[in-house]
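The structure appears below as structure tokens.
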Amino acid sequence: MAVMRVNPNRMELSRLKKRLAIAVRGHKLLKDKRDEMVRRFIELVRRNKELREQVEKELTQALGDFLMARAVMSTEVLEEAVMYPTRQVELKVSKQNVMSVDVPKIDYEEKSQEGLSPYPYGFASTSAELDDSIITLSGILPRMLELAEIEKTCQMLADEIEKTRRRVNALEHIMIPQMEETIKYIAMKMDEDERASRTRLMKVKDMIEERSAKSSD
Amino acid sequence: MYMYKIGVVGDRDSILGFKALGLSVFPVTQPEQASRLINRLAKENFAVIFLTEQVAREIKETVDRYKSVPFPAIILIPSNQGSTGLGIQEIKKSVEKALGADILFGNE
């Protein structure tokens, strides 16, 4: 590991030591964050998979029904039948903070007029398959919205976990070893300088003593 | 709190049924049209956009762009030709991204 380009002096040494302490602390925190996020992610993604399989299966079924309805009815009649829905779905959306990631929280609200049937059409010109498919679809909708919430959360957590992991690795394998190495380098360099100046002093002292011994002779 | 809407994007036959439930339905035929539409819906207050897998395959870049922001959530649904497995694949991908290894689907 390369040593950073620094001046080997006391200032730099104490600065680096402080930085190292912060880096170590940050590393520990980030590692804890990553572990917790992974734990949550695994929980969520299991649920996500279950829900998606369920929704896909039922939706395929409902769309199959719808296809049948479309086959026995003309396009115009079908379009007309679903043109004016008797209810409206609106979403109440807020953000939830999961380990400092803002994930969506979706609540939905169905506005249906009292006393109206769920079918926005009369039964005269439409087929029974259409009724079936619409009932199934409205049964699936709450789960589709739950799926939306969970899947989005999973995507965002995955993103954040990847980022955090990169940071943890960068700290662990690059920043911290590099700083430790540099601190060691500065300490050794300073020790070496000290030894050098001591030997120089001793040498000078020897020379002075030798000279004064000669002159007193 | 502001009310958000749900959009459904895909081929006409697959998504028309959702109209009866009160969702906003946008039939598309061309990939470019779909991609433009999604960008427009994202700017308006659509919190959830259901997109059929058939269309999603054509406009992957657009779908990926909205992955890292909280809204809109673009959720893939099978079309009336059945599921292509793209939705499950996306989950698999995010597992691999987060954990580096596939632990959920390994036994299949």
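Scheme for the structure tokens: letters A, B, ... for chains in order shown; per-chain residue numbers from 1; ligand numbers from 1 in order shown.
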
Expected answer as a PyMOL selection string: chain B residues within 8 Å of chain A, only C-alpha atoms: chain B and resi 1-6+13-14+16-23+47-48+67-71+73-75+77-80+82-83+87-88+91+94-95+97-99+104

Among chain A, which residues does DSSP mark as alpha helix (DSSP H) when it is run on the backbone? Keep the chain and numbering as in the structure and answer as a PyMOL selection string. chain A and resi 10-72+75-83+128-170+176-216

Long-range neighbours of Gly26 of chain A as a list in words, 12 Å cut-off, only C-alpha atoms, 6 positions minimum in chain: Arg19, Leu20, Asp32, Lys33, Thr164, Arg167, Val168, Asn169, Ala170, Leu171, Glu172, Met175 and Ile176 of chain A
